[in-house]
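*Asks:* Structure incoming, see below.
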Number of protein chains: 4
Amino acid sequence: MIKEGDTVQLTDGKNRFFLKVKKGEIFGTHKGNISHDDIISAGFGGYVETHKGHRFAVVKPTLHDLILYGIKRKTQIIYPKDSGYITVKLGLTDGMKVLESGVGSGGLTIVMANAVKPTGKVYSFEREEKYIKNAYQNITLAGLEKYVEIQNKDLGDIDYKEFFDAGFIDVREPWHHIHTIKKALKKGAMVGFLLPTTNQVSLTLEKLKEHNFIDLQVVEILERHYKPVPDRLRPEDRMVAHTGYLVFGRKSWEDG
Amino acid sequence: MIKEGDTVQLTDGKNRFFLKVKKGEIFGTHKGNISHDDIISAGFGGYVETHKGHRFAVVKPTLHDLILYGIKRKTQIIYPKDSGYITVKLGLTDGMKVLESGVGSGGLTIVMANAVKPTGKVYSFEREEKYIKNAYQNITLAGLEKYVEIQNKDLGDIDYKEFFDAGFIDVREPWHHIHTIKKALKKGAMVGFLLPTTNQVSLTLEKLKEHNFIDLQVVEILERHYKPVPDRLRPEDRMVAHTGYLVFGRKSWEDG
Amino acid sequence: MIKEGDTVQLTDGKNRFFLKVKKGEIFGTHKGNISHDDIISAGFGGYVETHKGHRFAVVKPTLHDLILYGIKRKTQIIYPKDSGYITVKLGLTDGMKVLESGVGSGGLTIVMANAVKPTGKVYSFEREEKYIKNAYQNITLAGLEKYVEIQNKDLGDIDYKEFFDAGFIDVREPWHHIHTIKKALKKGAMVGFLLPTTNQVSLTLEKLKEHNFIDLQVVEILERHYKPVPDRLRPEDRMVAHTGYLVFGRKSWEDG
Amino acid sequence: MIKEGDTVQLTDGKNRFFLKVKKGEIFGTHKGNISHDDIISAGFGGYVETHKGHRFAVVKPTLHDLILYGIKRKTQIIYPKDSGYITVKLGLTDGMKVLESGVGSGGLTIVMANAVKPTGKVYSFEREEKYIKNAYQNITLAGLEKYVEIQNKDLGDIDYKEFFDAGFIDVREPWHHIHTIKKALKKGAMVGFLLPTTNQVSLTLEKLKEHNFIDLQVVEILERHYKPVPDRLRPEDRMVAHTGYLVFGRKSWEDG
């Protein structure tokens with residue numbers, strides 16, 4: 001049931017480890033070492049023990065597990081509350097070609113690649129070379145590297161024509177690149193932006209209007225957690241209050 | 001580019017119509033009639049005119065378009081803010097078999113089927129026969145009927161054993177069925193619930209604990225829209241304040 | 001217990017009426033007429049009947065009752081969620097002199113006048129004459145007219161020097177008047193602003209910084225209601241998502 | 001302008017100190033010592049220097065300053081977002097007698113005493129003796145001790161009849177005391193509750209209904225702060241997600 005190269009999650013309720021299994025190898029934790037072969041024989045839903053006798057369950061990681069606990073973060077990531085919404089809003093589906101810039105730590109890339117596989121692909125443009133290796137490792141951990149192509153390039157330097165079915169842009173000053181993005185999208189394709197400040201939202205909206213994007217939408221997604229205690233049900237004391245504003249538009253084929 | 005059987009969206013910025021195109025047919029709107037053949041020759045990104053001269057753009061509908069504007073609602077639907085999050089949280093991906101109950105109007109079914117296609121399937125159990133036909137039409141409009149199987153059956157009457165990779169339950173009293181759900185899920189699989197009241201959340205959490213579900217999480221997703229006006233940016237005056245609480249758990253293989 | 005001139009609230013659970021009682025007068029409702037004398041003899045906590053036999057309870061109105069149900073609105077009002085916070089943030093207390101502009105429908109004026117009575121006063125400047133009469137009637141209904149002085153004057157035309165203990169400004173372009181406001185406030189006094197758009201917030205903050213205001217704060221207050229049903233407790237379906245951003249600062253005595 | 005016994009706030013933008021001034025005394029800070037006499041001669045809006053040359057502004061503290069930075073917390077406090085709303089909702093005004101239980105650290109007591117002064121009073125019942133001294137010191141710091149009477153008594157042991165104009169209850173299991181509270185309130189008086197969990201809200205609502213309380217309301221107040229930066233305006237990353245649910249009702253004079 002677990003094949004060489006599969007990504008597994010080991011969890012004891014508190015700790016979570018993610019690894020791609022490879023016969024003959026050993027995985028080290030602060031609770032002791034675990035043999036990959038043991039993981040393979042346990043299978044998903046089984047248990048393994050470290051050499052110190054500490055027990056871990058072997059679980060198939062979900063996208064949520066991978067993004068919140070599995071990937072290494074070298075940048076702010078886009079959280080499931082946002083990436084789930086983005087996927088539905090952009091209408092991502094098997095077969096689509098998606099423009100992304102930048103790749104960051106690959107958190108959104110993973111969710112989008114998962115949505116367009118097996119016949120689609122995410123084309124991600126990242127101008128900071130230092131992020132690319134880490135993002136690639138994260139995407140590989142998620143087993144999605146076949147569906148992602150990362151190029152070390154500024155968004156402003158790409159030159160595609162009506163190639164992409166959708167796009168998502170998470171760069172600091174996207175308003176400089178609306179022309180490039182519009183050219184790269186197919187007619188009627190959706191594009192989204194993540195923008196931390198209201199000033200960025202205003203500047204981006206202005207340019208999207210200038211370029212005749214339609215169906216403009218600005219939205220925030222908030223996620224509020226509760227303590228899962230049946231007889232003392234209550235929200236957590238604190239929450240993430242802001243990740244960014246999401247701005248969406250659809251390419252119109254009118255001039256602009 | 002548009003093939004017979006494809007679903008298209010006609011929009012003039014205000015009105016949105018969704019239809020599956022079929023050569024030789026005529027689509028009637030309050031702005032006049034449109035020939036399907038004209039839609040096919042226009043293609044996605046093109047325009048058609050009604051016999052009264054009103055112009056519509058021809059757009060490929062996204063999941064978001066279909067769910068918010070395309071499907072017929074005979075029940076409360078699960079909105080993109082929730083269905084996007086559910087997809088990531090359950091880790092839905094190509095190839096998965098998903099348990100759903102009930103189907104309602106098919107809003108979540110569409111998002112989940114889209115996530116598991118082309119090789120996975122959503123198995124939806126709905127005890128109210130009256131909803132099934134409408135849900136099926138909605139799912140067909142989304143072009144996803146190959147990836148969904150709806151059975152007219154109460155959740156309590158299903159009998160699967162370690163068959164499903166994930167599940168989502170939207171019935172009034174799910175706490176009566178946790179045993180059935182647990183049996184039907186694979187080890188380590190995630191299940192989610194939508195529950196409108198805090199009392200339902202407490203009762204469901206209690207039973208999930210009794211049955212040793214792990215990684216319990218209760219969360220609300222809130223969606224706040226802004227008027228997309230660059231120089232007068234502000235939230236909309238009113239918003240949807242509540243659709244339901246989302247409860248998630250993971251099947252443990254310990255007894256319980 | 002009820003004296004001539006007191007404001008009373010008549011309620012049957014659905015309808016709420018507010019009136020100042022005056023011996024010998026008759027109050028007409030769509031459920032029939034009520035004699036003021038009957039209200040006086042019933043007293044707070046008593047009942048009156050209309051000539052058609054419909055029964056109303058006689059209740060002392062709270063600030064919340066008056067603002068939400070009692071006052072006539074000719075403008076957007078400032079809601080209790082905001083006016084309560086403003087009162088605490090500005091530190092309003094018996095004896096203070098408060099600058100307000102404009103008066104609008106008097107919703108905030110009532111809450112502030114209540115906070116500074118019996119020895120303080122709200123000085124309200126309103127450039128639109130048409131709002132003043134209505135505001136005055138509302139403030140009189142609340143029985144607070146002794147603690148409010150309304151002048152038909154633009155904020156920009158006032159000329160006070162270190163006179164006010166606190167201020168609250170609800171005009172469209174307050175950034176033009178920061179100098180005037182600063183001059184009018186005592187050293188160390190707090191001032192607040194209600195601003196619907198993010199652009200207004202940015203422009204106001206910029207000027208407050210230029211004029212050396214300290215302790216700057218931007219905050220939104222959100223109010224989420226629940227259906228008060230013990231065994232089906234849940235948030236209301238919809239809520240007010242935005243009234244305005246609140247901006248606060250404290251006058252510094254450094255030049256600027 | 002500053003009299004002996006006044007409470008002043010010393011602030012350098014980062015640190016805030018609160019003290020009641022007394023001629024001849026010295027106030028010690030980690031930035032050096034300050035003579036009370038210097039504070040008195042500086043006056044509100046002036047400056048003082050420590051013996052090490054560090055400069056502090058002398059500011060009159062607002063309620064908000066006192067509650068957030070001035071009082072010593074031995075319990076969870078009720079924040080301005082809630083206490084401001086409570087004041088307006090209960091309709092507190094000069095002259096009212098208010099029931100409070102328990103006193104906690106006095107955060108709400110201060111706001112309510114400020115609202116009913118100079119001729120009203122808050123009667124606070126606290127069964128934990130250990131909190132009373134601290135609460136009294138906090139109330140004294142706010143200069144409101146004349147308007148508060150604290151008794152070391154369980155809410156269940158009080159015996160008042162139609163004495164209070166309003167009440168606010170912050171105890172763990174208020175549903176046991178609704179009869180006592182109802183008896184103590186005047187007809188038509190409002191009472192509020194702060195309750196952290198949904199289970200407590202359900203139990204309290206049930207009893208309020210049994211005792212014929214009317215105008216029931218359950219509400220949450222959320223406070224979201226923004227970074228006050230004009231050209232990069234954005235919400236703070238994190239926020240307080242929950243303090244408690246506020247439940248309100250009005251005493252009806254029907255039996256129950």
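Within each chain, counting starts at residue 1; across the structure tokens, chains are named A, B, ... in the order shown, with ligands numbered 1 upward in that order.
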If you count only C-alpha atoms, which residues fall within 6 Å of stretch 71-75 of chain A, apart from same-chain ones fewer than 3 positions away, as a PyMOL selection string?
*Replies:* chain A and resi 66-67+104-105+138
*Asks:* For the reference chain B, what are the coordinates of chain C after least-squares fitting (all Cα, in-order pairing), as a JSON list (two decimals) with C-alpha atoms, in the first residue's frame?
*Replies:*
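Final output, saved to superposed.json:
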[["chain", "number", "residue", "atom", "x", "y", "z"],
["C", 1, "MET", "CA", -13.03, 25.38, -29.20],
["C", 2, "ILE", "CA", -16.56, 24.88, -27.87],
["C", 3, "LYS", "CA", -17.78, 21.34, -28.43],
["C", 4, "GLU", "CA", -21.32, 20.06, -28.34],
["C", 5, "GLY", "CA", -22.12, 19.27, -24.72],
["C", 6, "ASP", "CA", -19.80, 21.87, -23.26],
["C", 7, "THR", "CA", -21.24, 24.16, -20.62],
["C", 8, "VAL", "CA", -20.95, 27.85, -21.43],
["C", 9, "GLN", "CA", -21.74, 31.00, -19.53],
["C", 10, "LEU", "CA", -23.31, 33.96, -21.31],
["C", 11, "THR", "CA", -22.80, 37.26, -19.54],
["C", 12, "ASP", "CA", -23.44, 40.91, -20.23],
["C", 13, "GLY", "CA", -21.97, 42.06, -16.92],
["C", 14, "LYS", "CA", -25.37, 41.95, -15.21],
["C", 15, "ASN", "CA", -27.08, 38.77, -16.34],
["C", 16, "ARG", "CA", -25.47, 35.34, -16.35],
["C", 17, "PHE", "CA", -26.90, 32.32, -18.16],
["C", 18, "PHE", "CA", -25.50, 28.78, -18.13],
["C", 19, "LEU", "CA", -26.27, 26.17, -20.76],
["C", 20, "LYS", "CA", -24.92, 23.02, -22.37],
["C", 21, "VAL", "CA", -24.65, 23.70, -26.09],
["C", 22, "LYS", "CA", -26.37, 21.49, -28.64],
["C", 23, "LYS", "CA", -26.29, 22.19, -32.36],
["C", 24, "GLY", "CA", -29.53, 23.48, -33.84],
["C", 25, "GLU", "CA", -31.06, 24.56, -30.53],
["C", 26, "ILE", "CA", -32.22, 28.01, -29.45],
["C", 27, "PHE", "CA", -31.69, 29.51, -26.00],
["C", 28, "GLY", "CA", -34.31, 32.00, -24.85],
["C", 29, "THR", "CA", -33.57, 34.95, -22.53],
["C", 30, "HIS", "CA", -35.56, 38.02, -21.56],
["C", 31, "LYS", "CA", -33.17, 39.92, -23.83],
["C", 32, "GLY", "CA", -34.03, 37.77, -26.86],
["C", 33, "ASN", "CA", -33.14, 34.40, -28.37],
["C", 34, "ILE", "CA", -29.67, 33.06, -29.11],
["C", 35, "SER", "CA", -28.80, 30.19, -31.43],
["C", 36, "HIS", "CA", -26.51, 27.52, -29.97],
["C", 37, "ASP", "CA", -24.74, 27.37, -33.34],
["C", 38, "ASP", "CA", -23.79, 31.03, -32.93],
["C", 39, "ILE", "CA", -22.32, 30.24, -29.52],
["C", 40, "ILE", "CA", -20.23, 27.43, -30.99],
["C", 41, "SER", "CA", -18.86, 29.62, -33.76],
["C", 42, "ALA", "CA", -18.14, 32.50, -31.37],
["C", 43, "GLY", "CA", -16.06, 30.27, -29.10],
["C", 44, "PHE", "CA", -14.93, 31.05, -25.55],
["C", 45, "GLY", "CA", -13.93, 34.69, -25.50],
["C", 46, "GLY", "CA", -16.27, 35.57, -28.32],
["C", 47, "TYR", "CA", -19.63, 37.34, -28.48],
["C", 48, "VAL", "CA", -23.14, 36.40, -29.53],
["C", 49, "GLU", "CA", -26.16, 38.57, -30.21],
["C", 50, "THR", "CA", -29.79, 37.83, -29.45],
["C", 51, "HIS", "CA", -32.36, 38.28, -32.19],
["C", 52, "LYS", "CA", -33.10, 41.60, -30.51],
["C", 53, "GLY", "CA", -29.50, 42.71, -30.84],
["C", 54, "HIS", "CA", -28.45, 42.34, -27.19],
["C", 55, "ARG", "CA", -24.83, 41.24, -26.87],
["C", 56, "PHE", "CA", -23.50, 38.55, -24.52],
["C", 57, "ALA", "CA", -19.92, 37.43, -23.96],
["C", 58, "VAL", "CA", -19.30, 33.67, -24.10],
["C", 59, "VAL", "CA", -17.24, 32.60, -21.09],
["C", 60, "LYS", "CA", -16.10, 29.25, -19.69],
["C", 61, "PRO", "CA", -17.75, 29.04, -16.27],
["C", 62, "THR", "CA", -15.52, 28.54, -13.24],
["C", 63, "LEU", "CA", -16.62, 26.39, -10.29],
["C", 64, "HIS", "CA", -17.40, 29.62, -8.48],
["C", 65, "ASP", "CA", -19.63, 30.88, -11.32],
["C", 66, "LEU", "CA", -21.49, 27.57, -11.46],
["C", 67, "ILE", "CA", -22.09, 27.32, -7.74],
["C", 68, "LEU", "CA", -23.07, 30.91, -7.10],
["C", 69, "TYR", "CA", -25.02, 31.63, -10.28],
["C", 70, "GLY", "CA", -25.47, 28.43, -12.30],
["C", 71, "ILE", "CA", -27.01, 25.75, -10.13],
["C", 72, "LYS", "CA", -30.66, 25.58, -9.08],
["C", 73, "ARG", "CA", -30.96, 25.65, -5.31],
["C", 74, "LYS", "CA", -33.58, 23.48, -3.65],
["C", 75, "THR", "CA", -31.67, 23.49, -0.35],
["C", 76, "GLN", "CA", -29.10, 25.64, 1.41],
["C", 77, "ILE", "CA", -25.86, 25.21, -0.52],
["C", 78, "ILE", "CA", -22.29, 24.97, 0.73],
["C", 79, "TYR", "CA", -20.47, 28.09, -0.45],
["C", 80, "PRO", "CA", -17.01, 28.32, -2.08],
["C", 81, "LYS", "CA", -15.52, 29.78, 1.13],
["C", 82, "ASP", "CA", -16.40, 26.46, 2.80],
["C", 83, "SER", "CA", -16.06, 24.01, -0.10],
["C", 84, "GLY", "CA", -12.62, 25.32, -1.02],
["C", 85, "TYR", "CA", -11.44, 24.87, 2.55],
["C", 86, "ILE", "CA", -13.04, 21.42, 2.80],
["C", 87, "THR", "CA", -11.20, 20.26, -0.32],
["C", 88, "VAL", "CA", -7.80, 21.24, 1.06],
["C", 89, "LYS", "CA", -8.58, 20.01, 4.56],
["C", 90, "LEU", "CA", -9.74, 16.59, 3.34],
["C", 91, "GLY", "CA", -6.80, 16.53, 0.93],
["C", 92, "LEU", "CA", -8.98, 15.63, -2.05],
["C", 93, "THR", "CA", -7.03, 14.65, -5.11],
["C", 94, "ASP", "CA", -7.31, 12.74, -8.36],
["C", 95, "GLY", "CA", -8.26, 9.12, -7.69],
["C", 96, "MET", "CA", -9.96, 9.41, -4.32],
["C", 97, "LYS", "CA", -13.27, 7.85, -3.39],
["C", 98, "VAL", "CA", -15.31, 10.29, -1.31],
["C", 99, "LEU", "CA", -18.35, 9.66, 0.88],
["C", 100, "GLU", "CA", -20.95, 12.44, 0.87],
["C", 101, "SER", "CA", -24.30, 12.66, 2.64],
["C", 102, "GLY", "CA", -26.64, 14.27, 1.73],
["C", 103, "VAL", "CA", -26.27, 15.63, -1.77],
["C", 104, "GLY", "CA", -28.54, 18.65, -1.26],
["C", 105, "SER", "CA", -28.35, 20.79, -4.38],
["C", 106, "GLY", "CA", -24.95, 19.38, -5.30],
["C", 107, "GLY", "CA", -22.91, 22.52, -4.62],
["C", 108, "LEU", "CA", -20.26, 20.73, -2.60],
["C", 109, "THR", "CA", -20.55, 17.58, -4.72],
["C", 110, "ILE", "CA", -19.43, 19.60, -7.76],
["C", 111, "VAL", "CA", -16.35, 20.98, -5.99],
["C", 112, "MET", "CA", -15.40, 17.57, -4.60],
["C", 113, "ALA", "CA", -16.00, 15.73, -7.90],
["C", 114, "ASN", "CA", -13.85, 18.31, -9.67],
["C", 115, "ALA", "CA", -11.08, 17.64, -7.16],
["C", 116, "VAL", "CA", -11.05, 13.85, -7.52],
["C", 117, "LYS", "CA", -11.52, 13.59, -11.28],
["C", 118, "PRO", "CA", -10.56, 12.03, -13.61],
["C", 119, "THR", "CA", -9.97, 8.74, -11.76],
["C", 120, "GLY", "CA", -11.82, 9.29, -8.47],
["C", 121, "LYS", "CA", -15.51, 9.47, -7.58],
["C", 122, "VAL", "CA", -17.92, 11.03, -5.09],
["C", 123, "TYR", "CA", -20.50, 8.60, -3.67],
["C", 124, "SER", "CA", -23.39, 10.68, -2.42],
["C", 125, "PHE", "CA", -26.19, 9.36, -0.21],
["C", 126, "GLU", "CA", -29.39, 11.38, -0.05],
["C", 127, "ARG", "CA", -32.49, 10.20, 1.73],
["C", 128, "GLU", "CA", -34.79, 12.88, 0.24],
["C", 129, "GLU", "CA", -35.64, 11.66, -3.27],
["C", 130, "LYS", "CA", -36.94, 15.12, -4.22],
["C", 131, "TYR", "CA", -33.44, 16.64, -4.14],
["C", 132, "ILE", "CA", -31.70, 14.02, -6.27],
["C", 133, "LYS", "CA", -32.99, 14.97, -9.72],
["C", 134, "ASN", "CA", -32.11, 18.63, -9.21],
["C", 135, "ALA", "CA", -28.66, 17.78, -7.84],
["C", 136, "TYR", "CA", -28.02, 15.51, -10.79],
["C", 137, "GLN", "CA", -28.98, 18.27, -13.23],
["C", 138, "ASN", "CA", -26.66, 20.69, -11.47],
["C", 139, "ILE", "CA", -23.78, 18.21, -11.50],
["C", 140, "THR", "CA", -24.44, 17.55, -15.18],
["C", 141, "LEU", "CA", -24.41, 21.27, -15.92],
["C", 142, "ALA", "CA", -20.95, 21.30, -14.35],
["C", 143, "GLY", "CA", -19.98, 18.40, -16.63],
["C", 144, "LEU", "CA", -19.05, 16.19, -13.69],
["C", 145, "GLU", "CA", -21.75, 13.51, -13.77],
["C", 146, "LYS", "CA", -19.20, 10.82, -14.62],
["C", 147, "TYR", "CA", -17.49, 11.37, -11.28],
["C", 148, "VAL", "CA", -20.56, 11.24, -9.04],
["C", 149, "GLU", "CA", -22.87, 8.44, -8.00],
["C", 150, "ILE", "CA", -25.99, 9.44, -6.07],
["C", 151, "GLN", "CA", -27.97, 6.86, -4.11],
["C", 152, "ASN", "CA", -31.36, 7.48, -2.57],
["C", 153, "LYS", "CA", -30.41, 6.14, 0.83],
["C", 154, "ASP", "CA", -30.13, 7.32, 4.40],
["C", 155, "LEU", "CA", -26.57, 7.63, 5.66],
["C", 156, "GLY", "CA", -27.51, 5.20, 8.42],
["C", 157, "ASP", "CA", -28.34, 2.50, 5.89],
["C", 158, "ILE", "CA", -25.04, 2.34, 4.05],
["C", 159, "ASP", "CA", -22.71, -0.55, 4.63],
["C", 160, "TYR", "CA", -19.17, 0.04, 3.41],
["C", 161, "LYS", "CA", -15.98, -1.18, 5.01],
["C", 162, "GLU", "CA", -12.75, 0.82, 4.81],
["C", 163, "PHE", "CA", -13.74, 1.94, 1.33],
["C", 164, "PHE", "CA", -13.59, 5.75, 1.36],
["C", 165, "ASP", "CA", -10.50, 7.96, 1.30],
["C", 166, "ALA", "CA", -12.46, 10.87, 2.80],
["C", 167, "GLY", "CA", -15.98, 11.92, 3.72],
["C", 168, "PHE", "CA", -18.15, 14.98, 4.18],
["C", 169, "ILE", "CA", -21.42, 14.85, 6.07],
["C", 170, "ASP", "CA", -24.14, 17.49, 5.97],
["C", 171, "VAL", "CA", -27.12, 15.90, 7.71],
["C", 172, "ARG", "CA", -29.09, 17.15, 10.67],
["C", 173, "GLU", "CA", -28.06, 14.62, 13.33],
["C", 174, "PRO", "CA", -24.74, 13.13, 12.26],
["C", 175, "TRP", "CA", -23.93, 12.01, 15.81],
["C", 176, "HIS", "CA", -26.22, 9.01, 15.30],
["C", 177, "HIS", "CA", -24.06, 7.78, 12.41],
["C", 178, "ILE", "CA", -20.47, 8.12, 13.57],
["C", 179, "HIS", "CA", -20.10, 4.36, 13.85],
["C", 180, "THR", "CA", -21.32, 3.82, 10.28],
["C", 181, "ILE", "CA", -19.06, 6.58, 8.99],
["C", 182, "LYS", "CA", -16.04, 5.25, 10.84],
["C", 183, "LYS", "CA", -16.54, 1.80, 9.44],
["C", 184, "ALA", "CA", -16.86, 3.13, 5.89],
["C", 185, "LEU", "CA", -13.63, 5.18, 6.01],
["C", 186, "LYS", "CA", -10.12, 3.87, 5.43],
["C", 187, "LYS", "CA", -7.74, 4.06, 8.37],
["C", 188, "GLY", "CA", -6.38, 7.58, 8.75],
["C", 189, "ALA", "CA", -9.01, 9.09, 6.43],
["C", 190, "MET", "CA", -10.42, 12.54, 7.16],
["C", 191, "VAL", "CA", -14.10, 13.32, 7.60],
["C", 192, "GLY", "CA", -15.81, 16.70, 7.84],
["C", 193, "PHE", "CA", -19.22, 17.94, 8.95],
["C", 194, "LEU", "CA", -21.19, 21.12, 8.38],
["C", 195, "LEU", "CA", -23.30, 22.01, 11.41],
["C", 196, "PRO", "CA", -25.34, 25.19, 11.77],
["C", 197, "THR", "CA", -25.74, 25.23, 15.58],
["C", 198, "THR", "CA", -23.34, 25.05, 18.50],
["C", 199, "ASN", "CA", -25.46, 22.32, 20.06],
["C", 200, "GLN", "CA", -24.93, 20.10, 17.01],
["C", 201, "VAL", "CA", -21.20, 20.77, 17.19],
["C", 202, "SER", "CA", -21.07, 19.68, 20.82],
["C", 203, "LEU", "CA", -23.03, 16.49, 20.18],
["C", 204, "THR", "CA", -20.92, 15.57, 17.15],
["C", 205, "LEU", "CA", -17.63, 16.22, 18.94],
["C", 206, "GLU", "CA", -18.72, 14.04, 21.82],
["C", 207, "LYS", "CA", -19.39, 11.08, 19.54],
["C", 208, "LEU", "CA", -16.21, 11.62, 17.51],
["C", 209, "LYS", "CA", -14.22, 11.47, 20.75],
["C", 210, "GLU", "CA", -16.09, 8.33, 21.82],
["C", 211, "HIS", "CA", -15.10, 6.70, 18.54],
["C", 212, "ASN", "CA", -11.47, 7.75, 18.91],
["C", 213, "PHE", "CA", -11.36, 10.17, 16.01],
["C", 214, "ILE", "CA", -8.16, 12.22, 16.23],
["C", 215, "ASP", "CA", -6.98, 15.63, 14.96],
["C", 216, "LEU", "CA", -10.39, 17.14, 15.83],
["C", 217, "GLN", "CA", -10.89, 20.66, 14.57],
["C", 218, "VAL", "CA", -13.83, 23.08, 14.69],
["C", 219, "VAL", "CA", -13.58, 26.10, 12.44],
["C", 220, "GLU", "CA", -15.67, 28.83, 10.87],
["C", 221, "ILE", "CA", -14.77, 30.42, 7.55],
["C", 222, "LEU", "CA", -15.92, 33.99, 7.07],
["C", 223, "GLU", "CA", -15.95, 35.82, 3.75],
["C", 224, "ARG", "CA", -15.94, 39.60, 3.70],
["C", 225, "HIS", "CA", -16.36, 41.45, 0.42],
["C", 226, "TYR", "CA", -15.17, 44.92, -0.48],
["C", 227, "LYS", "CA", -16.57, 47.33, -3.02],
["C", 228, "PRO", "CA", -13.95, 47.20, -5.81],
["C", 229, "VAL", "CA", -13.56, 50.98, -6.10],
["C", 230, "PRO", "CA", -9.89, 52.06, -6.02],
["C", 231, "ASP", "CA", -10.35, 55.50, -4.46],
["C", 232, "ARG", "CA", -13.21, 54.57, -2.13],
["C", 233, "LEU", "CA", -12.18, 51.11, -1.00],
["C", 234, "ARG", "CA", -14.41, 49.79, 1.76],
["C", 235, "PRO", "CA", -16.14, 46.60, 2.90],
["C", 236, "GLU", "CA", -19.65, 45.92, 1.70],
["C", 237, "ASP", "CA", -22.27, 47.10, 4.19],
["C", 238, "ARG", "CA", -23.57, 43.64, 4.93],
["C", 239, "MET", "CA", -22.19, 40.13, 4.81],
["C", 240, "VAL", "CA", -23.19, 36.52, 5.34],
["C", 241, "ALA", "CA", -22.44, 36.04, 9.05],
["C", 242, "HIS", "CA", -22.97, 32.31, 9.25],
["C", 243, "THR", "CA", -23.38, 29.29, 7.07],
["C", 244, "GLY", "CA", -22.25, 26.64, 9.50],
["C", 245, "TYR", "CA", -19.47, 25.38, 11.73],
["C", 246, "LEU", "CA", -17.06, 22.97, 10.07],
["C", 247, "VAL", "CA", -15.97, 20.02, 12.21],
["C", 248, "PHE", "CA", -13.18, 17.71, 11.08],
["C", 249, "GLY", "CA", -11.62, 14.53, 12.41],
["C", 250, "ARG", "CA", -9.38, 11.71, 11.29],
["C", 251, "LYS", "CA", -10.25, 8.05, 11.70],
["C", 252, "SER", "CA", -7.98, 6.37, 14.16],
["C", 253, "TRP", "CA", -7.41, 2.62, 13.98],
["C", 254, "GLU", "CA", -7.60, 2.20, 17.72],
["C", 255, "ASP", "CA", -10.79, 0.58, 18.93],
["C", 256, "GLY", "CA", -13.68, 2.88, 19.75]]
*Asks:* Would you mind writing down, as an mmCIF file with C-alpha atoms, in the first residue's frame, each residue of stretch 164-220 of chain C that DSSP on the backbone assigns to strand (DSSP E or B)?
*Replies:*
data_model
loop_
_atom_site.group_PDB
_atom_site.id
_atom_site.type_symbol
_atom_site.label_atom_id
_atom_site.label_comp_id
_atom_site.auth_asym_id
_atom_site.auth_seq_id
_atom_site.Cartn_x
_atom_site.Cartn_y
_atom_site.Cartn_z
ATOM 1 C CA PHE C 164 -12.110 70.714 24.624
ATOM 2 C CA ASP C 165 -11.310 67.674 26.753
ATOM 3 C CA ALA C 166 -12.022 65.337 23.823
ATOM 4 C CA GLY C 167 -13.403 65.333 20.291
ATOM 5 C CA PHE C 168 -15.115 63.106 17.767
ATOM 6 C CA ILE C 169 -15.204 63.949 14.088
ATOM 7 C CA LEU C 185 -8.228 70.476 22.022
ATOM 8 C CA LYS C 186 -6.501 70.669 25.386
ATOM 9 C CA LYS C 187 -2.997 69.228 25.574
ATOM 10 C CA GLY C 188 -3.128 65.447 25.840
ATOM 11 C CA ALA C 189 -6.804 65.278 24.806
ATOM 12 C CA MET C 190 -8.034 62.392 22.665
ATOM 13 C CA VAL C 191 -9.794 62.770 19.331
ATOM 14 C CA GLY C 192 -11.546 60.135 17.251
ATOM 15 C CA PHE C 193 -12.774 59.883 13.668
ATOM 16 C CA LEU C 194 -15.244 57.645 11.875
ATOM 17 C CA LEU C 195 -14.167 56.984 8.294
ATOM 18 C CA ILE C 214 0.476 60.427 19.330
ATOM 19 C CA ASP C 215 -1.035 57.090 20.414
ATOM 20 C CA LEU C 216 -2.543 56.634 16.927
ATOM 21 C CA GLN C 217 -4.930 53.726 16.647
ATOM 22 C CA VAL C 218 -7.093 52.391 13.814
ATOM 23 C CA VAL C 219 -9.733 49.881 14.782
ATOM 24 C CA GLU C 220 -12.919 48.265 13.540
#
*Asks:* Please return, as a list in words, all residues of stretch 143-191 of chain B that DSSP assigns to helix (DSSP H, G or I) on the basis of the backbone.
*Replies:*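 The helix (DSSP H, G or I) subset of stretch 143-191 of chain B is Glu145, Lys146, Tyr147, Leu155, Gly156, Asp157, Pro174, Trp175, His176, His177, Ile178, His179, Thr180, Ile181, Lys182, Lys183 and Ala184 of chain B.
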